[in-house]
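Written out below as structure tokens is the structure these notes cover.
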2 protein chains.
Amino acid sequence: MRRNPERRQALIDAAIEVLAKEGARGLTFRAVDAEAAVPPGTASNYFANRDDLFTQVGGRIYERLLPDEATIARSREGVQDETRYAELMHELVDRVSAFNSGYLALLELRLESTRRPELRAVLTKRIREDIDANVGHHAASGLPGDSTSVVLLYLALNWLIVERLTLPDIFTEQEVHELVDAAVRRSLNA
Amino acid sequence: MRRNPERRQALIDAAIEVLAKEGARGLTFRAVDAEAAVPPGTASNYFANRDDLFTQVGGRIYERLLPDEATIARSREGVQDETRYAELMHELVDRVSAFNSGYLALLELRLESTRRPELRAVLTKRIREDIDANVGHHAASGLPGDSTSVVLLYLALNWLIVERLTLPDIFTEQEVHELVDAAVRRSLNA
DNA sequence: AACGTAGTACTACATTTGGAGTGGTGTCAA
DNA sequence: TTGACACCACTCCAAATGTAGTACTACGTT
């Protein structure tokens, strides 16, 4: 088992792209090698088996989807009212949609996790933490709404992103925009 | 190309199970043969190629997820108020969750459709029709809320089902129940 | 009632594909 | 000089495809 951490990370990031492009079943050592532009056989040296590869990707993917420090800091600026909330949610949807392959890869992982208990455990942990962090962050921010608002928004926006990424012709850009606004407005109404 | 319609349907239904169990990449002629308990090579005779198989499954899956006539008729009975609406949404979530493999298969198809234009066209058409039908049905029912309510509910409940099917430990049964109630209540608040 | 035919089911096989894993060699740096 | 890693090549294995050939069944014809 090789230990070079940069190379390992590069392989995992390549695996994310492969997942998005080829699907879970297409995530093979050889495909990762090709995507990362390293010689065939390399991924074999870095991951014990496919299960291991999936689990490591599951551990990493979430880091890449979350906003960075600067973005989080920026989100705390300005008046924290409903309009601001909507603005933040638009940014969120755009940011996630922009890292297209990351989100698709996460969906692939979710489906794959129905067959891989270890992966499921990793994802469950990460996602629970994320939801809790969102609720906590919201509570501390002074933004309107309660914890149920946060979760309802989480639900609606997630599917909106799925819809946009998998079947982009269902909703127009305009409709997506209006739906984000409506989701914010109505979620906040306790 | 064989024509026996019952056999074809049995193969497609088997394909749905395979999709849910093995994922999109695992949907092979041989796997369908095995799942349908027919001799190997049979599926080859019924579908021109994998693309054809995907497309035909995409055409059928939605029929199996939609409520039957009796259920629709029943949904129109009684007072059509917010409480009733919530009741119907609980039934919806339970019904879809119960046909577990169907919903997972649809998710697999969505992801696969990013790679198969023909499949994407079929799914887009079906899902547009479904959303429009829901909006129309809602308008005629006398239930409270506007068309945006219907779509927001569609978004939130879809992801709630995804969450429940792929990572069942994220929300408890109790939380799922409360989220459905909250989603109905808040979506209706224009 | 016997026959012929068409469509389908079943079986077997030849071929292709692609991936896993490993061992050997080269290279670089401590 | 030694150890860790990159690179490359080769073998083995598993699985799927598509089709050719045979058997069965139902139905229409005479």
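Identifiers for the structure tokens are assigned positionally: chains receive A, B, ... in sequence, residues are indexed from 1 per chain, and ligands are indexed from 1 in the order shown.
Using only C-alpha atoms (C1' of nucleotides), the part of chain C that sits within 9 Å of chain B is made up of DG7, DT8, DA9, DC10 and DT11 of chain C.
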Emit the selected residues as a short mmCIF file (atom, residue, chain, number, x, y, z; two decimals), in the first residue's frame, including N, CA, C and O atoms (P, O5', C5', C4', C3', O3' and C1' of nucleotides).
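What follows is the written file out_16.cif:
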```cif
data_model
loop_
_atom_site.label_atom_id
_atom_site.label_comp_id
_atom_site.auth_asym_id
_atom_site.auth_seq_id
_atom_site.Cartn_x
_atom_site.Cartn_y
_atom_site.Cartn_z
P DG C 7 -44.16 -15.31 -38.21
"O5'" DG C 7 -44.07 -15.37 -36.63
"C5'" DG C 7 -45.25 -15.63 -35.88
"C4'" DG C 7 -44.86 -16.18 -34.55
"C3'" DG C 7 -43.69 -15.43 -33.89
"O3'" DG C 7 -44.11 -15.01 -32.61
"C1'" DG C 7 -43.33 -17.77 -33.84
P DT C 8 -43.23 -14.01 -31.76
"O5'" DT C 8 -42.66 -15.01 -30.66
"C5'" DT C 8 -43.58 -15.81 -29.94
"C4'" DT C 8 -42.86 -16.97 -29.32
"C3'" DT C 8 -41.69 -16.57 -28.41
"O3'" DT C 8 -42.05 -16.93 -27.09
"C1'" DT C 8 -41.19 -18.46 -29.75
P DA C 9 -41.16 -16.52 -25.87
"O5'" DA C 9 -40.49 -17.93 -25.54
"C5'" DA C 9 -41.30 -18.99 -25.08
"C4'" DA C 9 -40.45 -20.23 -24.92
"C3'" DA C 9 -39.29 -20.07 -23.94
"O3'" DA C 9 -39.32 -21.14 -23.01
"C1'" DA C 9 -38.51 -20.89 -26.05
P DC C 10 -38.36 -21.10 -21.79
"O5'" DC C 10 -37.12 -21.91 -22.36
"C5'" DC C 10 -37.29 -23.28 -22.72
"C4'" DC C 10 -36.04 -23.77 -23.41
"C3'" DC C 10 -34.76 -23.63 -22.58
"O3'" DC C 10 -34.29 -24.93 -22.33
"C1'" DC C 10 -34.44 -22.99 -24.86
P DT C 11 -33.13 -25.15 -21.25
"O5'" DT C 11 -31.87 -25.23 -22.20
"C5'" DT C 11 -31.91 -26.12 -23.32
"C4'" DT C 11 -30.64 -25.98 -24.11
"C3'" DT C 11 -29.38 -25.76 -23.29
"O3'" DT C 11 -28.53 -26.87 -23.50
"C1'" DT C 11 -29.47 -24.28 -25.16
#
```
Residue hits in chain D, query chain A, radius 10 Å, only C-alpha atoms (C1' of nucleotides), as number ranges by chain: D: 4-8
Please produce a file of those selected residues containing N, CA and C atoms (P, O5', C5', C4', C3', O3' and C1' of nucleotides), as a PDB file, in the first residue's frame.
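Output contents, as saved in part.pdb:
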```
ATOM      1  P    DA D   4      10.655   0.943   3.095  1.00  0.00           P
ATOM      2  O5'  DA D   4       9.772   2.064   2.417  1.00  0.00           O
ATOM      3  C5'  DA D   4      10.190   3.428   2.481  1.00  0.00           C
ATOM      4  C4'  DA D   4       9.739   4.134   1.223  1.00  0.00           C
ATOM      5  C3'  DA D   4       8.400   3.626   0.683  1.00  0.00           C
ATOM      6  O3'  DA D   4       7.562   4.737   0.429  1.00  0.00           O
ATOM      7  C1'  DA D   4      10.020   3.602  -1.021  1.00  0.00           C
ATOM      8  P    DC D   5       6.016   4.505   0.156  1.00  0.00           P
ATOM      9  O5'  DC D   5       5.906   4.906  -1.373  1.00  0.00           O
ATOM     10  C5'  DC D   5       6.477   6.142  -1.802  1.00  0.00           C
ATOM     11  C4'  DC D   5       6.843   6.017  -3.261  1.00  0.00           C
ATOM     12  C3'  DC D   5       5.670   5.647  -4.178  1.00  0.00           C
ATOM     13  O3'  DC D   5       5.434   6.751  -5.029  1.00  0.00           O
ATOM     14  C1'  DC D   5       7.678   4.541  -4.772  1.00  0.00           C
ATOM     15  P    DA D   6       4.137   6.757  -5.972  1.00  0.00           P
ATOM     16  O5'  DA D   6       4.821   6.649  -7.404  1.00  0.00           O
ATOM     17  C5'  DA D   6       5.734   7.660  -7.812  1.00  0.00           C
ATOM     18  C4'  DA D   6       6.306   7.276  -9.167  1.00  0.00           C
ATOM     19  C3'  DA D   6       5.260   6.996 -10.240  1.00  0.00           C
ATOM     20  O3'  DA D   6       5.667   7.624 -11.445  1.00  0.00           O
ATOM     21  C1'  DA D   6       6.675   5.103  -9.970  1.00  0.00           C
ATOM     22  P    DC D   7       4.630   7.688 -12.628  1.00  0.00           P
ATOM     23  O5'  DC D   7       5.077   6.448 -13.493  1.00  0.00           O
ATOM     24  C5'  DC D   7       6.435   6.352 -13.933  1.00  0.00           C
ATOM     25  C4'  DC D   7       6.690   4.974 -14.487  1.00  0.00           C
ATOM     26  C3'  DC D   7       5.682   4.515 -15.544  1.00  0.00           C
ATOM     27  O3'  DC D   7       6.405   4.342 -16.746  1.00  0.00           O
ATOM     28  C1'  DC D   7       6.199   2.798 -14.002  1.00  0.00           C
ATOM     29  P    DC D   8       5.558   4.219 -18.114  1.00  0.00           P
ATOM     30  O5'  DC D   8       5.607   2.655 -18.337  1.00  0.00           O
ATOM     31  C5'  DC D   8       6.877   1.998 -18.271  1.00  0.00           C
ATOM     32  C4'  DC D   8       6.666   0.508 -18.257  1.00  0.00           C
ATOM     33  C3'  DC D   8       5.616   0.003 -19.250  1.00  0.00           C
ATOM     34  O3'  DC D   8       6.305  -0.838 -20.164  1.00  0.00           O
ATOM     35  C1'  DC D   8       5.394  -1.038 -17.113  1.00  0.00           C
TER      36       DC D   8
END
```
Within 8 Å of chain B: residues of chain A, using only C-alpha atoms, as a ChimeraX atom specification: /A:21,23-26,104,108,110-115,120,123-124,127-128,148,152-153,155-160,166-167,169-170,179,182-183,186-190
Contact residues around DT17 in chain C with only C-alpha atoms (C1' of nucleotides) at 10 Å, ignoring same-chain residues under 3 positions, as a PyMOL selection string: chain D and resi 15-17
Let me see the file: selected residues, all heavy atoms, as a PDB file, in the first residue's frame.
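What follows is the written file again-v6.pdb:
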```
ATOM      1  P    DA D  15     -18.250 -13.471 -12.442  1.00  0.00           P
ATOM      2  OP1  DA D  15     -18.848 -13.054 -11.172  1.00  0.00           O
ATOM      3  OP2  DA D  15     -18.356 -14.872 -12.912  1.00  0.00           O
ATOM      4  O5'  DA D  15     -18.808 -12.535 -13.602  1.00  0.00           O
ATOM      5  C5'  DA D  15     -18.199 -11.273 -13.862  1.00  0.00           C
ATOM      6  C4'  DA D  15     -18.688 -10.799 -15.204  1.00  0.00           C
ATOM      7  O4'  DA D  15     -17.804 -11.284 -16.240  1.00  0.00           O
ATOM      8  C3'  DA D  15     -20.088 -11.319 -15.547  1.00  0.00           C
ATOM      9  O3'  DA D  15     -20.900 -10.221 -15.853  1.00  0.00           O
ATOM     10  C2'  DA D  15     -19.868 -12.242 -16.734  1.00  0.00           C
ATOM     11  C1'  DA D  15     -18.580 -11.689 -17.336  1.00  0.00           C
ATOM     12  N9   DA D  15     -17.808 -12.665 -18.083  1.00  0.00           N
ATOM     13  C8   DA D  15     -17.506 -13.946 -17.729  1.00  0.00           C
ATOM     14  N7   DA D  15     -16.797 -14.592 -18.626  1.00  0.00           N
ATOM     15  C5   DA D  15     -16.632 -13.667 -19.634  1.00  0.00           C
ATOM     16  C6   DA D  15     -15.958 -13.728 -20.880  1.00  0.00           C
ATOM     17  N6   DA D  15     -15.325 -14.804 -21.313  1.00  0.00           N
ATOM     18  N1   DA D  15     -15.982 -12.617 -21.650  1.00  0.00           N
ATOM     19  C2   DA D  15     -16.621 -11.523 -21.204  1.00  0.00           C
ATOM     20  N3   DA D  15     -17.279 -11.349 -20.058  1.00  0.00           N
ATOM     21  C4   DA D  15     -17.236 -12.469 -19.316  1.00  0.00           C
ATOM     22  P    DA D  16     -22.448 -10.363 -16.091  1.00  0.00           P
ATOM     23  OP1  DA D  16     -23.102  -9.401 -15.184  1.00  0.00           O
ATOM     24  OP2  DA D  16     -22.825 -11.799 -16.076  1.00  0.00           O
ATOM     25  O5'  DA D  16     -22.585  -9.818 -17.577  1.00  0.00           O
ATOM     26  C5'  DA D  16     -21.795  -8.693 -17.962  1.00  0.00           C
ATOM     27  C4'  DA D  16     -21.761  -8.638 -19.463  1.00  0.00           C
ATOM     28  O4'  DA D  16     -20.818  -9.598 -19.964  1.00  0.00           O
ATOM     29  C3'  DA D  16     -23.112  -8.956 -20.115  1.00  0.00           C
ATOM     30  O3'  DA D  16     -23.454  -7.918 -21.000  1.00  0.00           O
ATOM     31  C2'  DA D  16     -22.878 -10.283 -20.814  1.00  0.00           C
ATOM     32  C1'  DA D  16     -21.376 -10.267 -21.070  1.00  0.00           C
ATOM     33  N9   DA D  16     -20.783 -11.604 -21.148  1.00  0.00           N
ATOM     34  C8   DA D  16     -20.861 -12.609 -20.213  1.00  0.00           C
ATOM     35  N7   DA D  16     -20.227 -13.708 -20.561  1.00  0.00           N
ATOM     36  C5   DA D  16     -19.699 -13.392 -21.807  1.00  0.00           C
ATOM     37  C6   DA D  16     -18.923 -14.134 -22.712  1.00  0.00           C
ATOM     38  N6   DA D  16     -18.532 -15.386 -22.489  1.00  0.00           N
ATOM     39  N1   DA D  16     -18.564 -13.534 -23.861  1.00  0.00           N
ATOM     40  C2   DA D  16     -18.961 -12.275 -24.083  1.00  0.00           C
ATOM     41  N3   DA D  16     -19.693 -11.476 -23.312  1.00  0.00           N
ATOM     42  C4   DA D  16     -20.036 -12.104 -22.176  1.00  0.00           C
ATOM     43  P    DT D  17     -24.874  -7.915 -21.675  1.00  0.00           P
ATOM     44  OP1  DT D  17     -25.404  -6.556 -21.479  1.00  0.00           O
ATOM     45  OP2  DT D  17     -25.650  -9.099 -21.269  1.00  0.00           O
ATOM     46  O5'  DT D  17     -24.496  -8.073 -23.206  1.00  0.00           O
ATOM     47  C5'  DT D  17     -23.299  -7.474 -23.699  1.00  0.00           C
ATOM     48  C4'  DT D  17     -22.959  -8.074 -25.047  1.00  0.00           C
ATOM     49  O4'  DT D  17     -22.341  -9.357 -24.853  1.00  0.00           O
ATOM     50  C3'  DT D  17     -24.178  -8.299 -25.941  1.00  0.00           C
ATOM     51  O3'  DT D  17     -23.991  -7.563 -27.140  1.00  0.00           O
ATOM     52  C2'  DT D  17     -24.203  -9.813 -26.184  1.00  0.00           C
ATOM     53  C1'  DT D  17     -22.777 -10.240 -25.856  1.00  0.00           C
ATOM     54  N1   DT D  17     -22.626 -11.622 -25.313  1.00  0.00           N
ATOM     55  C2   DT D  17     -21.904 -12.536 -26.024  1.00  0.00           C
ATOM     56  O2   DT D  17     -21.382 -12.291 -27.107  1.00  0.00           O
ATOM     57  N3   DT D  17     -21.803 -13.780 -25.439  1.00  0.00           N
ATOM     58  C4   DT D  17     -22.338 -14.180 -24.225  1.00  0.00           C
ATOM     59  O4   DT D  17     -22.176 -15.305 -23.804  1.00  0.00           O
ATOM     60  C5   DT D  17     -23.088 -13.155 -23.530  1.00  0.00           C
ATOM     61  C7   DT D  17     -23.713 -13.475 -22.205  1.00  0.00           C
ATOM     62  C6   DT D  17     -23.189 -11.952 -24.093  1.00  0.00           C
TER      63       DT D  17
END
```
Selection near Thr55 in chain A, 7 Å with only C-alpha atoms (C1' of nucleotides), sequence-local residues under 4 positions removed, as number ranges by chain: A: 51, 59, 118-119
For CA of Asn45 in chain A and CA of Phe99 in chain A, the interatomic separation in Å (one decimal): 28.2 Å
